[in-house]
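> Sharing a structure here in structure tokens format.
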Amino acid sequence: MHTVTADSLVVVDLGPRTRRPLRPARSPGPYRRLFAVPGARAFTAANLVARLPMGMFSVSAVVMIAGTRGSYALAGAVTATGLAATAVVAPWIARLVDRHGQARIAVPATVCAVLGSLSLLLCVRVGAPDWTLFASYAATATTPNTGGMSRARWALLLDGDERALHSAQAFEQAADELCFMLGPVLAALLCGTFFPEAGTLVAAVLLLTGVLAFAAQRATEPPAHGRVRGGSPLRSPGIPPLLAVCLALGVVFGAMEVVTIAFADDRGHRSAAGAVLALQAAGSCAAGLVFGAVRPAGPAAARLPWCVAAMAALLPLPLLAASLTGSLGWLALALLAAGTATAPVMVTTMTLVRERTPPGRLNEGMTLAVTGLLGGIACGSAAGGWTAEHLGPASGFALPAAAAALALAVSLAHRPSRRRRR
């Protein structure tokens, strides 16, 4: 408004007085948007409890058996047998989950697995024959793929949002690594502080509690698909090469775990083995969260060889640290650096599995990938235990490096051409 007072011109602004923001409001980050989805926090928290024993069972079994029977070869063979049995049984359990629903199948399967763990504990405790250890650990093969069931829920809740699905896959991989970071530490602490069977006992209780809580979250559970026409996801184009990569990656993980425990024991620091392995998982967990926060460049099929190449380049570091220095501290730093390549490889691999799995069989497809990992872990555990006992723990670190090179060769051999990507 304009007016004249005496010989002065007065200008008055009658507009509303509102305070303008100093800076535009920041949009929520990718992980904050994920957990704004109704029901996401509840099933994720329960699934983390159910997944924590993944990092505890094998370490607890190795420490428990090697400590009472005095043989890392026996401990590695027992864990390898259990993992091989899981590789056979897990796809069948996953098919039942897709067909009948998660809660209906996961709970009784978990009860059977917990009974197998308790049987292993009792057999070690009472000094039963060696064959009972193999039979008891093989009974844990019915453990459901809790990570796959969680990824199936994200696929249902975020259907069509590829950017959010990428962040969800990265978070799930980071959660896996978090469990493998905390699990070995907790297992070694329990076995060293209380009694050798304490790690297995606590892991069994956590597994049963977590699966029961996860199954109770019915609002986010994918619907049962019944019988789905078509063949197994194993016959889907592009799945067999991915399973071969998973097999080689499993050898990396299985051999690294057993050899690291043997190396720490050889240096007189068996209780520190869990903390050293946790550093490798910590590097992968941090890399997974960063990888999920950035927008992926190009299709997953083109990214996979680059991710595997980074892993193959970093895995010789633990071998060099163990062979040249013989120091557990330098080995821990080398494992931390090498672990940063794990999550990008696993996230990209699981993304490709999700893309290539037929509708209605996602949990089965994810479990096939985990089965490949478990088969490789079984081979790596057995080979790592034999190498550590006969050639020395430091020499055993050559196995993960060789397996990573094999995974790179497979991924390069099956890399799609530019025309196929178009």
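We label chains A, B, ... in the order they appear in the structure tokens, count residues from 1 in each chain, and number ligands from 1 in the order shown.
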Just list the residues in stretch 271-364 of chain A DSSP gives helix (DSSP H, G or I) on the backbone, as a VMD selection string.

chain A and resid 271 to 293 300 to 314 316 to 325 328 to 339 342 to 356 362 to 364

> Could you make a table, as a tab-separated table, of the residues of stretch 357-412 of chain A that have an atom within 8 Å of an atom of stretch 88-106 of chain A, each with its nearest atom pair and distance in Å to one decimal, counting only C-alpha atoms, in chain and number order?


residue	atom	partner	partner_atom	distance
A:Gly360	CA	A:Asp98	CA	6.8
A:Arg361	CA	A:Asp98	CA	6.1
A:Leu362	CA	A:Asp98	CA	7.5
A:Asn363	CA	A:Ala94	CA	5.8
A:Glu364	CA	A:Ala94	CA	4.8
A:Thr367	CA	A:Pro91	CA	5.8
A:Leu368	CA	A:Pro91	CA	5.9
A:Thr371	CA	A:Ala90	CA	6.8

> I need the residues from that last selection saved to file as a short mmCIF file (atom, residue, chain, number, x, y, z; two decimals), in the first residue's frame (with N, CA and C atoms), if you can.


data_model
loop_
_atom_site.label_atom_id
_atom_site.label_comp_id
_atom_site.auth_asym_id
_atom_site.auth_seq_id
_atom_site.Cartn_x
_atom_site.Cartn_y
_atom_site.Cartn_z
N GLY A 360 6.64 -66.69 -8.18
CA GLY A 360 6.12 -67.70 -7.27
C GLY A 360 7.15 -68.62 -6.69
N ARG A 361 8.44 -68.45 -7.06
CA ARG A 361 9.48 -69.33 -6.54
C ARG A 361 10.69 -68.53 -6.07
N LEU A 362 10.43 -67.33 -5.58
CA LEU A 362 11.53 -66.45 -5.20
C LEU A 362 12.32 -67.03 -4.03
N ASN A 363 11.63 -67.54 -3.01
CA ASN A 363 12.35 -68.08 -1.86
C ASN A 363 13.19 -69.29 -2.27
N GLU A 364 12.67 -70.10 -3.19
CA GLU A 364 13.44 -71.24 -3.67
C GLU A 364 14.66 -70.79 -4.44
N THR A 367 17.20 -69.50 -2.02
CA THR A 367 17.79 -70.60 -1.26
C THR A 367 18.76 -71.41 -2.12
N LEU A 368 18.49 -71.51 -3.42
CA LEU A 368 19.46 -72.18 -4.29
C LEU A 368 20.80 -71.46 -4.28
N THR A 371 22.33 -72.28 -1.13
CA THR A 371 22.79 -73.67 -1.20
C THR A 371 24.16 -73.75 -1.88
#

> Any idea what's packed within 10 Å of stretch 30-42 of chain A, counting only C-alpha atoms, ignoring anything in its chain fewer than 3 positions away? Could you give it as a ChimeraX atom specification?

/A:27,45-47,150,153-154,157-158,163-168,170-171,213-214,216-221,289,292-294

> Which residues, written as a count of residues only, have at least one atom at most 12 Å from A:Gly288, with only C-alpha atoms counted and residues fewer than 6 positions away on the same chain left out?

26

> Using only C-alpha atoms, which protein or nucleic acid residues come within 6 Å of stretch 302-313 of chain A? Drop anything in the same chain fewer than 4 positions from it, and give the result as a ChimeraX atom specification.

/A:341,345,404-405,408,411-412

> Write out, as a PDB file, in the first residue's frame, the residues just selected, with N, CA, C and O atoms.


ATOM      1  N   ALA A 341      35.027 -56.040  -0.067  1.00  0.00           N
ATOM      2  CA  ALA A 341      34.596 -56.473  -1.401  1.00  0.00           C
ATOM      3  C   ALA A 341      33.476 -57.502  -1.338  1.00  0.00           C
ATOM      4  O   ALA A 341      32.869 -57.810  -2.373  1.00  0.00           O
ATOM      5  N   VAL A 345      29.629 -57.905  -4.012  1.00  0.00           N
ATOM      6  CA  VAL A 345      29.498 -59.138  -4.789  1.00  0.00           C
ATOM      7  C   VAL A 345      28.187 -59.842  -4.451  1.00  0.00           C
ATOM      8  O   VAL A 345      27.430 -60.274  -5.337  1.00  0.00           O
ATOM      9  N   ALA A 404      38.565 -67.093  -5.079  1.00  0.00           N
ATOM     10  CA  ALA A 404      38.103 -65.820  -5.633  1.00  0.00           C
ATOM     11  C   ALA A 404      38.521 -65.674  -7.095  1.00  0.00           C
ATOM     12  O   ALA A 404      37.758 -65.159  -7.928  1.00  0.00           O
ATOM     13  N   ALA A 405      39.718 -66.124  -7.433  1.00  0.00           N
ATOM     14  CA  ALA A 405      40.146 -66.094  -8.830  1.00  0.00           C
ATOM     15  C   ALA A 405      39.267 -66.995  -9.691  1.00  0.00           C
ATOM     16  O   ALA A 405      38.927 -66.653 -10.834  1.00  0.00           O
ATOM     17  N   LEU A 408      36.012 -65.230 -10.354  1.00  0.00           N
ATOM     18  CA  LEU A 408      36.198 -64.205 -11.383  1.00  0.00           C
ATOM     19  C   LEU A 408      36.200 -64.829 -12.769  1.00  0.00           C
ATOM     20  O   LEU A 408      35.591 -64.294 -13.708  1.00  0.00           O
ATOM     21  N   SER A 411      32.571 -65.698 -13.705  1.00  0.00           N
ATOM     22  CA  SER A 411      31.756 -64.519 -14.005  1.00  0.00           C
ATOM     23  C   SER A 411      32.149 -63.885 -15.331  1.00  0.00           C
ATOM     24  O   SER A 411      31.291 -63.384 -16.068  1.00  0.00           O
ATOM     25  N   LEU A 412      33.434 -63.920 -15.671  1.00  0.00           N
ATOM     26  CA  LEU A 412      33.861 -63.371 -16.957  1.00  0.00           C
ATOM     27  C   LEU A 412      33.435 -64.268 -18.110  1.00  0.00           C
ATOM     28  O   LEU A 412      33.057 -63.785 -19.188  1.00  0.00           O
TER      29      LEU A 412
END

> If we count only C-alpha atoms and set the cut-off at 9 Å, which residues sit around A:Pro400, ignoring sequence neighbours fewer than 5 positions away in its own chain? Please answer as a PyMOL selection string.

chain A and resi 248-249+251-256+312+315-316+319+380+405

> Take the selection from the previous step and output its residues with N, CA and C atoms, as a tab-separated table (two decimals), in the first residue's frame.


chain	number	residue	atom	x	y	z
A	248	ALA	N	32.00	-70.96	-5.58
A	248	ALA	CA	33.37	-70.49	-5.37
A	248	ALA	C	33.46	-69.49	-4.22
A	249	LEU	N	32.45	-68.63	-4.09
A	249	LEU	CA	32.44	-67.69	-2.97
A	249	LEU	C	32.31	-68.42	-1.65
A	251	VAL	N	33.55	-71.32	-0.93
A	251	VAL	CA	34.89	-71.82	-0.59
A	251	VAL	C	35.71	-70.73	0.07
A	252	VAL	N	35.57	-69.50	-0.42
A	252	VAL	CA	36.27	-68.37	0.20
A	252	VAL	C	35.89	-68.24	1.66
A	253	PHE	N	34.59	-68.23	1.94
A	253	PHE	CA	34.12	-68.00	3.30
A	253	PHE	C	34.46	-69.18	4.22
A	254	GLY	N	34.24	-70.41	3.75
A	254	GLY	CA	34.49	-71.58	4.60
A	254	GLY	C	35.95	-71.74	4.94
A	255	ALA	N	36.82	-71.62	3.95
A	255	ALA	CA	38.25	-71.77	4.21
A	255	ALA	C	38.77	-70.65	5.09
A	256	MET	N	38.32	-69.42	4.85
A	256	MET	CA	38.80	-68.29	5.63
A	256	MET	C	38.47	-68.45	7.11
A	312	ALA	N	38.85	-60.52	-5.82
A	312	ALA	CA	40.04	-61.29	-6.16
A	312	ALA	C	41.32	-60.49	-5.95
A	315	LEU	N	41.81	-60.31	-1.75
A	315	LEU	CA	41.96	-61.51	-0.92
A	315	LEU	C	43.40	-62.01	-0.75
A	316	PRO	N	44.35	-61.68	-1.62
A	316	PRO	CA	45.74	-62.06	-1.30
A	316	PRO	C	46.31	-61.33	-0.09
A	319	LEU	N	46.79	-63.55	3.00
A	319	LEU	CA	47.88	-64.51	2.77
A	319	LEU	C	49.23	-63.82	3.00
A	380	GLY	N	35.21	-75.62	1.47
A	380	GLY	CA	36.25	-74.75	2.00
A	380	GLY	C	36.61	-75.09	3.44
A	405	ALA	N	39.72	-66.12	-7.43
A	405	ALA	CA	40.15	-66.09	-8.83
A	405	ALA	C	39.27	-66.99	-9.69

> Using only C-alpha atoms, which of A:Ala413, A:Leu324, A:Ala278, A:Leu242 sits nearest A:Arg356?

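Of A:Ala413, A:Leu324, A:Ala278, A:Leu242, the one nearest A:Arg356, counting only C-alpha atoms, is A:Leu242.
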
> Interatomic distance between atom CA of A:Ala338 and atom CA of A:Pro318?

7.7 Å

> Residues at most 12 Å from A:Leu391, counting only C-alpha atoms, excluding those fewer than 6 positions away in the same chain, as a list in words?

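What passes the distance filter is Val259, Ala262, Phe263, Ala383, Gly384, Gly385, Phe397, Ala398 and Leu399 of chain A.
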
> With distances taken over only C-alpha atoms, which residue among A:Thr132, A:Thr142, A:Thr357, A:Thr81 lies nearest A:Pro108?

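Checking each candidate against A:Pro108, we get A:Thr142 as the closest.
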
> Go through A:Thr387, A:Ser395, A:Gln280, A:Thr140 and flag the residue nearest A:Ser323, using only C-alpha atoms for the distances.

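Closest to A:Ser323, using only C-alpha atoms: A:Ser395.
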
> Could you check which of A:Ala128, A:Cys191, A:Ala403, A:Ala409 is closest to A:Met64, using only C-alpha atoms?

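Under the stated criterion, the closest residue is A:Cys191.
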
> Name the closest residue to A:Ala382 among the candidates A:Leu279, A:Leu206, A:Gly250, A:Pro241; distances are taken between atoms, counting only C-alpha atoms.

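Checking each of A:Leu279, A:Leu206, A:Gly250, A:Pro241 against A:Ala382, counting only C-alpha atoms, the winner is A:Gly250.
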
> Find, counting only C-alpha atoms, the residue in A:Ile261, A:Leu120, A:Ala401, A:Val62 that gets nearest to A:Gly274.

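Ranking A:Ile261, A:Leu120, A:Ala401, A:Val62 by distance to A:Gly274, first place goes to A:Ile261.
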
> Kindly give the distance, in Å, that separates atom CA of A:Arg125 and atom CA of A:Ala66, rounded to a single decimal.

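Interatomic distance, atom CA of A:Arg125 to atom CA of A:Ala66: 12.7 Å.
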
> Record the distance separating atom CA of A:Ala300 and atom CA of A:Glu257, expressed in Å with one decimal.

28.2 Å
